[in-house]
>>> print(open('model.txt').read())   # compact mmCIF, C-alpha atoms
# COMPACT_ATOMS: atom_id res chain seq x y z
CA MET P 8 0.00 0.00 0.00
CA SER P 9 1.19 3.49 -0.79
CA SER P 10 1.51 5.84 2.14
CA ARG P 11 2.54 8.78 -0.05
CA PRO P 12 -0.55 10.71 -1.26
CA GLY P 13 1.53 12.72 -3.74
CA ARG P 14 2.60 9.60 -5.60
CA ALA P 15 -0.96 8.27 -5.54
CA VAL P 16 -2.17 11.54 -7.04
CA ARG P 17 0.32 11.41 -9.91
CA ARG P 18 -0.36 7.75 -10.66
CA ALA P 19 -4.15 8.07 -10.66
CA LEU P 20 -4.26 11.23 -12.74
CA THR P 21 -2.01 10.08 -15.53
CA ALA P 22 -3.67 6.72 -15.81
CA ILE P 23 -6.52 8.34 -17.67
CA VAL P 24 -5.66 11.86 -18.75
CA PRO P 25 -2.98 13.21 -21.07
CA ALA P 26 0.33 13.59 -19.28
CA THR P 27 1.11 16.66 -21.34
CA ALA P 28 -1.90 18.40 -19.84
CA LEU P 29 -0.29 18.27 -16.42
CA LEU P 30 2.41 20.62 -17.62
CA THR P 31 0.55 22.76 -20.13
CA LEU P 32 -2.83 23.50 -18.56
CA THR P 33 -3.40 26.69 -16.67
CA ALA P 34 -5.76 27.09 -13.74
CA CYS P 35 -9.43 26.72 -14.59
CA GLY P 36 -12.20 28.38 -12.68
CA SER P 37 -14.62 26.33 -10.61
CA GLY P 38 -18.34 26.59 -10.69
CA THR P 39 -21.51 24.87 -9.60
CA THR P 40 -24.84 24.04 -11.12
CA PRO P 41 -27.81 24.59 -8.82
CA ALA P 42 -28.89 21.36 -7.17
CA ALA P 43 -32.31 19.88 -7.68
CA GLY P 44 -33.23 21.09 -4.22
CA THR P 45 -35.54 19.13 -1.99
CA SER P 46 -37.43 17.31 -4.73
CA GLN P 47 -39.19 14.15 -3.71
CA ALA P 48 -37.00 11.12 -4.30
CA ALA P 49 -38.10 7.93 -6.00
CA ALA P 50 -40.12 5.55 -3.88
CA PRO P 51 -38.39 2.42 -2.56
CA GLY P 52 -38.98 -0.46 -4.95
CA SER P 53 -39.45 1.91 -7.87
CA PRO P 54 -38.48 0.70 -11.38
CA GLY P 55 -35.50 3.06 -11.33
CA LEU P 56 -34.16 1.70 -8.05
CA THR P 57 -34.68 -1.85 -9.25
CA ALA P 58 -32.79 -1.09 -12.47
CA ALA P 59 -29.92 0.53 -10.57
CA ARG P 60 -29.59 -2.43 -8.24
CA THR P 61 -29.65 -4.85 -11.16
CA ALA P 62 -26.86 -2.91 -12.86
CA LEU P 63 -24.82 -2.68 -9.65
CA LYS P 64 -25.09 -6.42 -9.10
CA THR P 65 -23.41 -6.94 -12.46
CA TYR P 66 -20.72 -4.31 -11.92
CA ALA P 67 -19.88 -5.59 -8.43
CA GLN P 68 -18.93 -9.00 -9.78
CA ARG P 69 -15.28 -9.56 -10.57
CA PRO P 70 -15.07 -10.61 -14.24
CA THR P 71 -13.53 -14.01 -14.78
CA ALA P 72 -12.89 -13.85 -18.52
CA ILE P 73 -11.46 -11.48 -21.07
CA SER P 74 -13.87 -10.58 -23.88
CA VAL P 75 -11.58 -11.67 -26.72
CA THR P 76 -12.22 -15.34 -27.44
CA GLN P 77 -11.08 -15.75 -31.05
CA PRO P 78 -7.62 -17.36 -31.23
CA VAL P 79 -5.02 -15.71 -33.44
CA GLY P 80 -4.93 -19.03 -35.25
CA LYS P 81 -1.65 -18.44 -37.06
CA PRO P 82 2.03 -18.65 -36.07
CA ILE P 83 3.00 -15.32 -34.52
CA PRO P 84 6.38 -13.99 -35.69
CA LYS P 85 8.95 -13.55 -32.94
CA ASP P 86 11.24 -10.96 -34.49
CA LYS P 87 9.13 -7.85 -33.86
CA LYS P 88 10.38 -4.61 -32.35
CA ILE P 89 8.05 -2.18 -30.60
CA ASP P 90 8.65 1.37 -29.39
CA PHE P 91 6.60 2.19 -26.29
CA ILE P 92 6.57 5.93 -25.62
CA LEU P 93 6.40 6.77 -21.92
CA CYS P 94 4.63 9.82 -20.52
CA GLY P 95 7.10 10.63 -17.75
CA VAL P 96 5.21 9.31 -14.72
CA GLN P 97 4.91 5.97 -12.96
CA SER P 98 1.45 4.96 -14.19
CA CYS P 99 2.61 5.03 -17.82
CA LYS P 100 5.74 3.09 -16.85
CA ASP P 101 3.50 0.46 -15.26
CA LEU P 102 1.42 0.16 -18.43
CA ALA P 103 4.61 -0.13 -20.49
CA ASP P 104 5.93 -2.82 -18.16
CA PHE P 105 2.69 -4.81 -18.47
CA PHE P 106 2.96 -4.49 -22.25
CA THR P 107 6.63 -5.50 -22.21
CA GLU P 108 5.80 -8.57 -20.14
CA ALA P 109 3.12 -9.64 -22.61
CA ALA P 110 5.31 -8.93 -25.64
CA GLY P 111 8.07 -11.00 -24.10
CA GLN P 112 5.79 -14.00 -24.18
CA LEU P 113 5.85 -13.74 -27.98
CA GLY P 114 9.58 -13.11 -28.26
CA TRP P 115 9.22 -9.43 -29.15
CA LYS P 116 11.61 -6.71 -28.05
CA VAL P 117 10.17 -3.53 -26.55
CA LYS P 118 12.10 -0.28 -26.43
CA GLN P 119 10.68 2.07 -23.81
CA VAL P 120 11.25 5.65 -24.96
CA ALA P 121 11.31 8.12 -22.07
CA THR P 122 9.69 11.57 -22.08
CA GLN P 123 9.08 14.26 -19.47
CA GLY P 124 5.46 14.61 -20.57
CA THR P 125 6.05 17.98 -22.23
CA PRO P 126 4.96 18.52 -25.84
CA GLU P 127 8.59 18.95 -26.87
CA SER P 128 9.73 15.71 -25.26
CA VAL P 129 6.74 13.80 -26.63
CA GLN P 130 7.47 15.05 -30.15
CA ALA P 131 11.12 14.09 -29.70
CA ALA P 132 10.09 10.59 -28.64
CA TYR P 133 7.89 10.19 -31.70
CA GLU P 134 10.71 11.50 -33.88
CA GLN P 135 12.90 8.83 -32.33
CA ALA P 136 10.27 6.25 -33.24
CA VAL P 137 10.21 7.52 -36.83
CA ARG P 138 13.99 7.07 -36.98
CA ASP P 139 13.83 3.65 -35.31
CA ARG P 140 11.26 2.38 -37.83
CA PRO P 141 9.90 -0.23 -35.38
CA ASP P 142 7.16 -2.67 -36.28
CA ALA P 143 4.70 -0.70 -34.13
CA VAL P 144 4.46 2.26 -31.74
CA VAL P 145 2.44 2.20 -28.51
CA ALA P 146 1.64 5.11 -26.17
CA SER P 147 -0.96 6.27 -23.67
CA GLY P 148 -2.69 9.56 -23.03
CA PHE P 149 -1.06 11.87 -25.56
CA PRO P 150 -3.39 14.14 -27.57
CA ARG P 151 -3.01 13.65 -31.31
CA ALA P 152 -2.27 17.34 -31.86
CA VAL P 153 1.04 16.98 -30.03
CA TYR P 154 2.49 14.45 -32.46
CA SER P 155 0.41 14.91 -35.61
CA LYS P 156 3.46 15.44 -37.84
CA GLN P 157 5.18 12.27 -36.64
CA LEU P 158 1.89 10.33 -36.78
CA ALA P 159 1.58 11.19 -40.47
CA GLN P 160 5.15 9.99 -41.05
CA LEU P 161 4.51 6.71 -39.23
CA LYS P 162 1.31 6.20 -41.19
CA ALA P 163 3.15 6.78 -44.46
CA ALA P 164 5.74 4.19 -43.40
CA GLY P 165 3.01 1.65 -42.66
CA ILE P 166 3.81 1.54 -38.94
CA PRO P 167 0.72 1.04 -36.75
CA VAL P 168 0.26 3.33 -33.74
CA ILE P 169 -1.75 2.14 -30.74
CA GLN P 170 -3.17 4.50 -28.12
CA SER P 171 -5.16 4.16 -24.89
CA ASN P 172 -6.78 6.50 -22.37
CA ALA P 173 -6.94 9.36 -24.84
CA ASP P 174 -9.63 11.70 -26.12
CA ASP P 175 -9.26 10.58 -29.73
CA VAL P 176 -10.74 8.35 -32.41
CA VAL P 177 -9.49 5.40 -34.42
CA GLY P 178 -8.27 6.14 -37.93
CA ASP P 179 -5.93 8.51 -39.74
CA GLY P 180 -2.88 6.82 -38.26
CA ILE P 181 -4.34 5.45 -35.03
CA SER P 182 -4.84 1.70 -35.52
CA LEU P 183 -6.26 0.87 -32.08
CA LEU P 184 -7.70 3.01 -29.28
CA LYS P 185 -8.86 1.56 -26.00
CA ASN P 186 -10.51 3.47 -23.16
CA GLY P 187 -11.41 6.27 -25.52
CA PRO P 188 -14.45 8.56 -25.19
CA LYS P 189 -16.91 5.86 -26.29
CA ASP P 190 -15.54 3.38 -23.75
CA VAL P 191 -15.44 5.40 -20.54
CA GLY P 192 -19.16 6.24 -20.38
CA VAL P 193 -19.80 2.96 -18.59
CA GLN P 194 -17.81 4.33 -15.66
CA GLY P 195 -20.43 7.00 -15.04
CA ARG P 196 -23.19 4.40 -15.23
CA MET P 197 -21.38 2.28 -12.64
CA LEU P 198 -21.05 5.21 -10.25
CA ALA P 199 -24.71 6.15 -10.67
CA ALA P 200 -25.82 2.57 -10.02
CA TRP P 201 -23.91 2.54 -6.75
CA VAL P 202 -25.20 5.93 -5.53
CA VAL P 203 -28.85 5.18 -6.31
CA SER P 204 -28.64 1.69 -4.82
CA ASN P 205 -26.77 2.78 -1.71
CA SER P 206 -29.26 5.58 -1.02
CA ASP P 207 -32.39 3.56 -1.76
CA ALA P 208 -33.09 6.18 -4.44
CA LYS P 209 -33.05 8.99 -1.88
CA ALA P 210 -29.70 10.57 -2.64
CA ASP P 211 -28.68 14.21 -2.56
CA THR P 212 -25.45 14.14 -4.55
CA VAL P 213 -22.54 16.42 -5.41
CA TYR P 214 -20.28 15.49 -8.35
CA PHE P 215 -16.76 16.96 -8.31
CA ASP P 216 -15.22 17.06 -11.77
CA LEU P 217 -12.04 18.16 -13.58
CA PRO P 218 -13.48 19.67 -16.78
CA ALA P 219 -10.02 20.45 -18.14
CA TYR P 220 -9.70 16.76 -19.00
CA THR P 221 -12.16 16.15 -21.80
CA ILE P 222 -11.80 12.35 -21.58
CA LEU P 223 -13.82 12.62 -18.35
CA LYS P 224 -16.80 14.38 -19.93
CA PRO P 225 -18.46 11.13 -21.08
CA VAL P 226 -18.17 9.85 -17.51
CA LYS P 227 -19.90 12.92 -16.10
CA ASP P 228 -22.61 12.88 -18.78
CA SER P 229 -23.29 9.19 -18.29
CA PHE P 230 -23.50 9.59 -14.52
CA ALA P 231 -26.02 12.43 -14.82
CA ALA P 232 -28.18 10.63 -17.40
CA ASN P 233 -28.37 7.36 -15.48
CA TYR P 234 -28.79 9.09 -12.13
CA LYS P 235 -31.72 11.08 -13.49
CA GLN P 236 -33.26 8.01 -15.09
CA TRP P 237 -33.02 5.85 -11.99
CA CYS P 238 -33.64 8.53 -9.37
CA ALA P 239 -35.65 11.27 -11.08
CA GLY P 240 -36.39 13.20 -7.89
CA CYS P 241 -32.89 13.07 -6.42
CA ALA P 242 -30.87 16.27 -6.14
CA LEU P 243 -27.61 16.61 -8.09
CA ASP P 244 -25.05 19.40 -8.01
CA ASN P 245 -21.95 19.62 -10.18
CA VAL P 246 -18.79 21.33 -8.99
CA ASP P 247 -15.98 22.00 -11.45
CA VAL P 248 -12.51 21.83 -9.92
CA PRO P 249 -9.45 23.64 -11.33
CA ILE P 250 -6.26 21.65 -11.82
CA THR P 251 -4.57 23.91 -9.27
CA ALA P 252 -6.66 22.28 -6.52
CA VAL P 253 -5.25 18.80 -7.12
CA GLY P 254 -2.93 17.80 -4.31
CA LYS P 255 -3.42 21.18 -2.64
CA ASP P 256 -6.68 22.64 -1.37
CA MET P 257 -9.10 20.01 -2.70
CA PRO P 258 -9.95 18.68 0.80
CA ASP P 259 -10.71 22.24 1.95
CA ARG P 260 -13.00 22.75 -1.04
CA VAL P 261 -14.96 19.61 -0.19
CA VAL P 262 -15.27 20.56 3.47
CA SER P 263 -16.43 24.06 2.57
CA TYR P 264 -19.03 22.75 0.15
CA LEU P 265 -20.45 20.17 2.56
CA ARG P 266 -20.66 22.73 5.36
CA SER P 267 -22.77 24.97 3.15
CA HIS P 268 -24.80 22.03 1.78
CA PRO P 269 -25.50 19.88 4.85
CA LYS P 270 -28.29 17.90 3.13
CA VAL P 271 -25.85 16.28 0.69
CA THR P 272 -25.61 12.54 1.33
CA HIS P 273 -23.31 11.32 -1.44
CA VAL P 274 -20.04 12.67 -2.85
CA VAL P 275 -18.76 11.52 -6.25
CA PHE P 276 -15.29 12.28 -7.63
CA SER P 277 -14.56 11.98 -11.36
CA LEU P 278 -11.05 10.77 -10.43
CA GLY P 279 -9.89 9.07 -7.27
CA LEU P 280 -7.05 11.56 -6.87
CA LEU P 281 -9.59 14.26 -5.96
CA ASN P 282 -10.47 12.24 -2.85
CA VAL P 283 -6.90 12.04 -1.55
CA GLY P 284 -6.84 13.74 1.84
CA VAL P 285 -10.62 14.29 1.92
CA PRO P 286 -11.54 11.61 4.51
CA ALA P 287 -9.06 13.05 7.02
CA ALA P 288 -10.29 16.59 6.34
CA LEU P 289 -13.92 15.57 6.89
CA LYS P 290 -13.02 13.89 10.17
CA THR P 291 -11.15 16.97 11.37
CA ALA P 292 -14.11 19.17 10.40
CA GLY P 293 -16.53 16.90 12.26
CA ILE P 294 -18.48 16.09 9.08
CA THR P 295 -19.91 12.59 9.23
CA GLY P 296 -22.46 10.44 7.45
CA LYS P 297 -21.32 11.23 3.90
CA HIS P 298 -20.91 8.42 1.38
CA ILE P 299 -18.00 8.66 -1.09
CA VAL P 300 -17.43 6.87 -4.39
CA VAL P 301 -14.65 7.61 -6.89
CA ASN P 302 -13.90 6.98 -10.53
CA VAL P 303 -10.53 5.34 -11.30
CA GLY P 304 -9.41 3.80 -8.05
CA ASP P 305 -5.81 3.70 -6.87
CA ALA P 306 -3.86 2.29 -3.94
CA GLN P 307 -4.74 5.25 -1.69
CA ASN P 308 -8.47 4.99 -2.33
CA TYR P 309 -8.44 1.20 -1.99
CA GLN P 310 -6.82 1.71 1.40
CA TYR P 311 -9.57 4.18 2.26
CA ILE P 312 -12.18 1.58 1.28
CA GLN P 313 -10.52 -1.12 3.35
CA SER P 314 -10.50 1.27 6.33
CA GLY P 315 -14.12 2.31 5.85
CA LEU P 316 -13.23 5.91 4.95
CA THR P 317 -14.51 5.68 1.36
CA ASP P 318 -17.34 3.49 0.12
CA GLY P 319 -16.52 2.55 -3.46
CA ALA P 320 -14.35 2.96 -6.54
CA MET P 321 -14.33 2.07 -10.21
CA ALA P 322 -11.26 -0.13 -10.78
CA LEU P 323 -9.06 0.56 -13.82
CA ASN P 324 -8.04 -2.20 -16.25
CA SER P 325 -4.37 -1.44 -17.02
CA HIS P 326 -3.20 -5.08 -17.05
CA GLU P 327 -5.88 -6.19 -19.47
CA THR P 328 -5.43 -3.11 -21.68
CA ALA P 329 -1.72 -3.78 -22.16
CA TRP P 330 -2.17 -7.46 -23.00
CA LEU P 331 -5.04 -6.67 -25.37
CA GLN P 332 -2.74 -4.25 -27.20
CA VAL P 333 -0.25 -7.08 -27.70
CA ASP P 334 -3.07 -9.33 -28.91
CA ALA P 335 -4.07 -6.71 -31.49
CA LEU P 336 -0.51 -6.49 -32.79
CA ALA P 337 -0.26 -10.28 -32.94
CA ARG P 338 -3.25 -10.27 -35.28
CA HIS P 339 -1.81 -7.40 -37.31
CA PHE P 340 1.53 -9.18 -37.72
CA THR P 341 -0.27 -12.30 -38.96
CA GLY P 342 -2.18 -10.36 -41.61
CA GLN P 343 -5.42 -10.05 -39.67
CA SER P 344 -7.57 -7.13 -38.62
CA MET P 345 -7.38 -5.55 -35.16
CA ALA P 346 -11.16 -5.19 -35.24
CA VAL P 347 -11.73 -8.04 -32.79
CA ASP P 348 -9.72 -6.12 -30.18
CA GLN P 349 -11.14 -2.72 -31.03
CA LYS P 350 -14.65 -4.11 -30.53
CA ALA P 351 -13.74 -5.98 -27.35
CA ALA P 352 -15.01 -4.53 -24.09
CA LEU P 353 -12.38 -4.15 -21.41
CA PRO P 354 -13.34 -5.51 -17.97
CA ASN P 355 -14.76 -3.14 -15.37
CA MET P 356 -15.56 -3.53 -11.71
CA LEU P 357 -17.15 -1.42 -8.99
CA VAL P 358 -15.14 -2.11 -5.85
CA THR P 359 -16.43 -1.83 -2.28
CA LYS P 360 -15.18 -3.22 1.01
CA ASP P 361 -17.17 -6.40 0.38
CA ASN P 362 -15.41 -7.28 -2.88
CA LEU P 363 -12.07 -5.43 -2.72
CA PRO P 364 -9.46 -7.80 -4.22
CA SER P 365 -6.42 -5.89 -2.98
CA THR P 366 -5.20 -2.51 -1.79
CA ASP P 367 -2.56 -2.64 -4.54
CA GLY P 368 -3.49 -0.03 -7.13
CA ASP P 369 -2.27 -2.28 -9.93
CA PHE P 370 -4.32 -5.42 -9.28
CA PRO P 371 -5.73 -7.09 -12.41
CA ILE P 372 -9.51 -7.22 -12.70
CA VAL P 373 -9.49 -10.63 -14.42
CA GLU P 374 -7.22 -12.81 -12.30
CA SER P 375 -6.38 -15.32 -15.03
CA TYR P 376 -6.04 -12.80 -17.86
CA GLN P 377 -2.49 -13.90 -18.70
CA GLN P 378 -3.41 -17.55 -19.16
CA GLN P 379 -6.41 -16.60 -21.29
CA PHE P 380 -4.39 -14.39 -23.63
CA LYS P 381 -1.65 -17.03 -23.90
CA ALA P 382 -4.26 -19.53 -24.98
CA LEU P 383 -5.32 -17.20 -27.79
CA TRP P 384 -1.67 -17.01 -28.88
CA GLY P 385 -1.18 -20.78 -28.87
CA LEU P 386 1.17 -20.70 -25.87
CA SER P 387 -0.80 -23.02 -23.64
>>> encode(input="model.txt", output="structure tokens")
Amino acid sequence: MSSRPGRAVRRALTAIVPATALLTLTACGSGTTPAAGTSQAAAPGSPGLTAARTALKTYAQRPTAISVTQPVGKPIPKDKKIDFILCGVQSCKDLADFFTEAAGQLGWKVKQVATQGTPESVQAAYEQAVRDRPDAVVASGFPRAVYSKQLAQLKAAGIPVIQSNADDVVGDGISLLKNGPKDVGVQGRMLAAWVVSNSDAKADTVYFDLPAYTILKPVKDSFAANYKQWCAGCALDNVDVPITAVGKDMPDRVVSYLRSHPKVTHVVFSLGLLNVGVPAALKTAGITGKHIVVNVGDAQNYQYIQSGLTDGAMALNSHETAWLQVDALARHFTGQSMAVDQKAALPNMLVTKDNLPSTDGDFPIVESYQQQFKALWGLS
């Protein structure tokens, strides 16, 4: 377990948002949308509450299988070289290490290209990849605009580029994109299912968001839509948080809000890093009885859950993402389409104290994912 909140903040943030944004964004103003007030909540046993509980039952189960079931079916060449461009922080290094481990199973060599996360260093890394002429390039979180010139060069050279956790689309040089805008909406649905179920459809909720990171907008929109559908009379307030609050005065902001909105029962964070330090701040302020759930869990928030200081978290699927990327390249290198992997749904899980697998922020969601991928590659 990590006992250093600063490291937990950096790891959680860069797992899902562009690393370059950490160094290029300026402070954004915060704002709120008026809550729904004291509207009458849905009655217990209502169709909405039933639907939310049905959804939560599914999300609370730990998946046992990856969604790719079609074997590669052809001998996979072993002489492939891959450039994996790092983003300059530990979470990207972890993803690269998971990828390197999977690639090693197929006899591939992975060159991890370091960056500091700045646009200049990212461009330099892609320029290095252009010079290296590897069989493929893999990265996470970088906005296309940062490396558009190099992407065009790689496309012209017939070198596939794979991305994850980025606000982008497949095509025009990007051969595979996982955890893109169309994928992350389910995270908001998971959070809404938990809030409505936990409150018996009587919630008064505040949603803290980082609007500077556009990859999180589908999460926020999905949460609001499902929350409204399942709990039409429940109050909801949205609070936009500037990047300057992360790791600094975020706990104070939460305390201040809850003091001025004592009827709030549930607090939702669009990223787990926003919750770092909040439980201790609430205890110091004497604020009790609030239920907290976060998107994108990490070691710090899993420790909070284990200790009863936070109620739930959406677990991220870094292990499975990395191995799926290798699976996609295995198909590409055998003359097949990556479509089976692009269409595949990555595993998701809503973690609470009752089903928490580990307080390690890097635990796999599917325990036997390695064996299952190896079977697809003819290695077992």
>>> residues_around(input="model.txt", residues="range 142-146 of chain P", least_positions_apart="5", cutoff="9 Å", atoms="all atoms listed in the file", output="ChimeraX atom specification")
/P:87-94,99,103,133,136,161,165-171,332,336,340
>>> residues_around(input="model.txt", residues="Thr57 in chain P", least_positions_apart="4", cutoff="10 Å", atoms="only C-alpha atoms", output="tab-separated table (two decimals) with C-alpha atoms, in the coordinates of the input")
chain	number	residue	atom	x	y	z
P	51	PRO	CA	-38.39	2.42	-2.56
P	52	GLY	CA	-38.98	-0.46	-4.95
P	53	SER	CA	-39.45	1.91	-7.87
P	61	THR	CA	-29.65	-4.85	-11.16
P	62	ALA	CA	-26.86	-2.91	-12.86
P	63	LEU	CA	-24.82	-2.68	-9.65
P	200	ALA	CA	-25.82	2.57	-10.02
P	203	VAL	CA	-28.85	5.18	-6.31
P	204	SER	CA	-28.64	1.69	-4.82
P	207	ASP	CA	-32.39	3.56	-1.76
P	208	ALA	CA	-33.09	6.18	-4.44
P	237	TRP	CA	-33.02	5.85	-11.99
>>> atom_distance(input="model.txt", atom1="CA of Gly319 in chain P", atom2="CA of Lys360 in chain P")
7.4 Å
>>> residues_around(input="model.txt", residues="Val193 in chain P", least_positions_apart="5", cutoff="9 Å", atoms="only C-alpha atoms", output="ChimeraX atom specification")
/P:198,225-226,229-230,355
>>> write_last_selection(input="model.txt", atoms="C-alpha atoms", output="PDB file, keeping the file's coordinate frame")
ATOM      1  CA  LEU P 198     -21.050   5.210 -10.250  1.00  0.00           C
ATOM      2  CA  PRO P 225     -18.460  11.130 -21.080  1.00  0.00           C
ATOM      3  CA  VAL P 226     -18.170   9.850 -17.510  1.00  0.00           C
ATOM      4  CA  SER P 229     -23.290   9.190 -18.290  1.00  0.00           C
ATOM      5  CA  PHE P 230     -23.500   9.590 -14.520  1.00  0.00           C
ATOM      6  CA  ASN P 355     -14.760  -3.140 -15.370  1.00  0.00           C
TER       7      ASN P 355
END
>>> atom_distance(input="model.txt", atom1="CA of Asn172 in chain P", atom2="CA of Ala72 in chain P")
21.6 Å
>>> build_atoms(input="model.txt", residues="range 209-216 of chain P", atoms="all heavy atoms", output="CSV table (one decimal), in the coordinates of the input")
chain,number,residue,atom,x,y,z
P,209,LYS,N,-32.8,7.8,-2.7
P,209,LYS,CA,-33.0,9.0,-1.9
P,209,LYS,C,-31.8,9.9,-1.7
P,209,LYS,O,-31.7,10.6,-0.7
P,209,LYS,CB,-33.6,8.6,-0.5
P,209,LYS,CG,-34.8,7.8,-0.5
P,209,LYS,CD,-35.2,7.3,0.9
P,209,LYS,CE,-36.5,6.5,0.9
P,209,LYS,NZ,-36.8,6.0,2.3
P,210,ALA,N,-31.0,9.9,-2.7
P,210,ALA,CA,-29.7,10.6,-2.6
P,210,ALA,C,-29.8,12.1,-2.9
P,210,ALA,O,-30.7,12.5,-3.6
P,210,ALA,CB,-28.7,10.0,-3.6
P,211,ASP,N,-28.9,12.8,-2.3
P,211,ASP,CA,-28.7,14.2,-2.6
P,211,ASP,C,-27.2,14.2,-2.9
P,211,ASP,O,-26.4,14.1,-1.9
P,211,ASP,CB,-29.0,15.1,-1.4
P,211,ASP,CG,-29.0,16.6,-1.7
P,211,ASP,OD1,-28.1,17.0,-2.5
P,211,ASP,OD2,-29.8,17.3,-1.2
P,212,THR,N,-26.8,14.4,-4.1
P,212,THR,CA,-25.4,14.1,-4.6
P,212,THR,C,-24.7,15.4,-5.1
P,212,THR,O,-25.3,16.2,-5.7
P,212,THR,CB,-25.5,13.1,-5.7
P,212,THR,OG1,-26.1,11.9,-5.2
P,212,THR,CG2,-24.1,12.7,-6.1
P,213,VAL,N,-23.4,15.4,-4.8
P,213,VAL,CA,-22.5,16.4,-5.4
P,213,VAL,C,-21.5,15.7,-6.2
P,213,VAL,O,-20.9,14.7,-5.8
P,213,VAL,CB,-21.9,17.3,-4.4
P,213,VAL,CG1,-21.1,16.5,-3.3
P,213,VAL,CG2,-21.0,18.4,-5.1
P,214,TYR,N,-21.2,16.1,-7.4
P,214,TYR,CA,-20.3,15.5,-8.4
P,214,TYR,C,-19.1,16.5,-8.6
P,214,TYR,O,-19.3,17.5,-9.2
P,214,TYR,CB,-21.0,15.1,-9.7
P,214,TYR,CG,-20.2,14.3,-10.6
P,214,TYR,CD1,-20.4,13.0,-10.8
P,214,TYR,CD2,-19.2,14.9,-11.4
P,214,TYR,CE1,-19.7,12.2,-11.7
P,214,TYR,CE2,-18.4,14.1,-12.3
P,214,TYR,CZ,-18.7,12.8,-12.5
P,214,TYR,OH,-18.0,12.0,-13.3
P,215,PHE,N,-17.9,16.1,-8.1
P,215,PHE,CA,-16.8,17.0,-8.3
P,215,PHE,C,-16.0,16.5,-9.6
P,215,PHE,O,-15.7,15.3,-9.7
P,215,PHE,CB,-15.8,16.9,-7.1
P,215,PHE,CG,-16.3,17.6,-5.9
P,215,PHE,CD1,-17.0,16.9,-4.9
P,215,PHE,CD2,-16.1,19.0,-5.7
P,215,PHE,CE1,-17.5,17.6,-3.8
P,215,PHE,CE2,-16.6,19.6,-4.6
P,215,PHE,CZ,-17.3,19.0,-3.6
P,216,ASP,N,-15.8,17.4,-10.5
P,216,ASP,CA,-15.2,17.1,-11.8
P,216,ASP,C,-14.0,17.9,-12.1
P,216,ASP,O,-13.9,19.0,-11.6
P,216,ASP,CB,-16.3,17.2,-12.8
P,216,ASP,CG,-15.9,16.7,-14.2
P,216,ASP,OD1,-15.1,15.7,-14.2
P,216,ASP,OD2,-16.3,17.2,-15.2
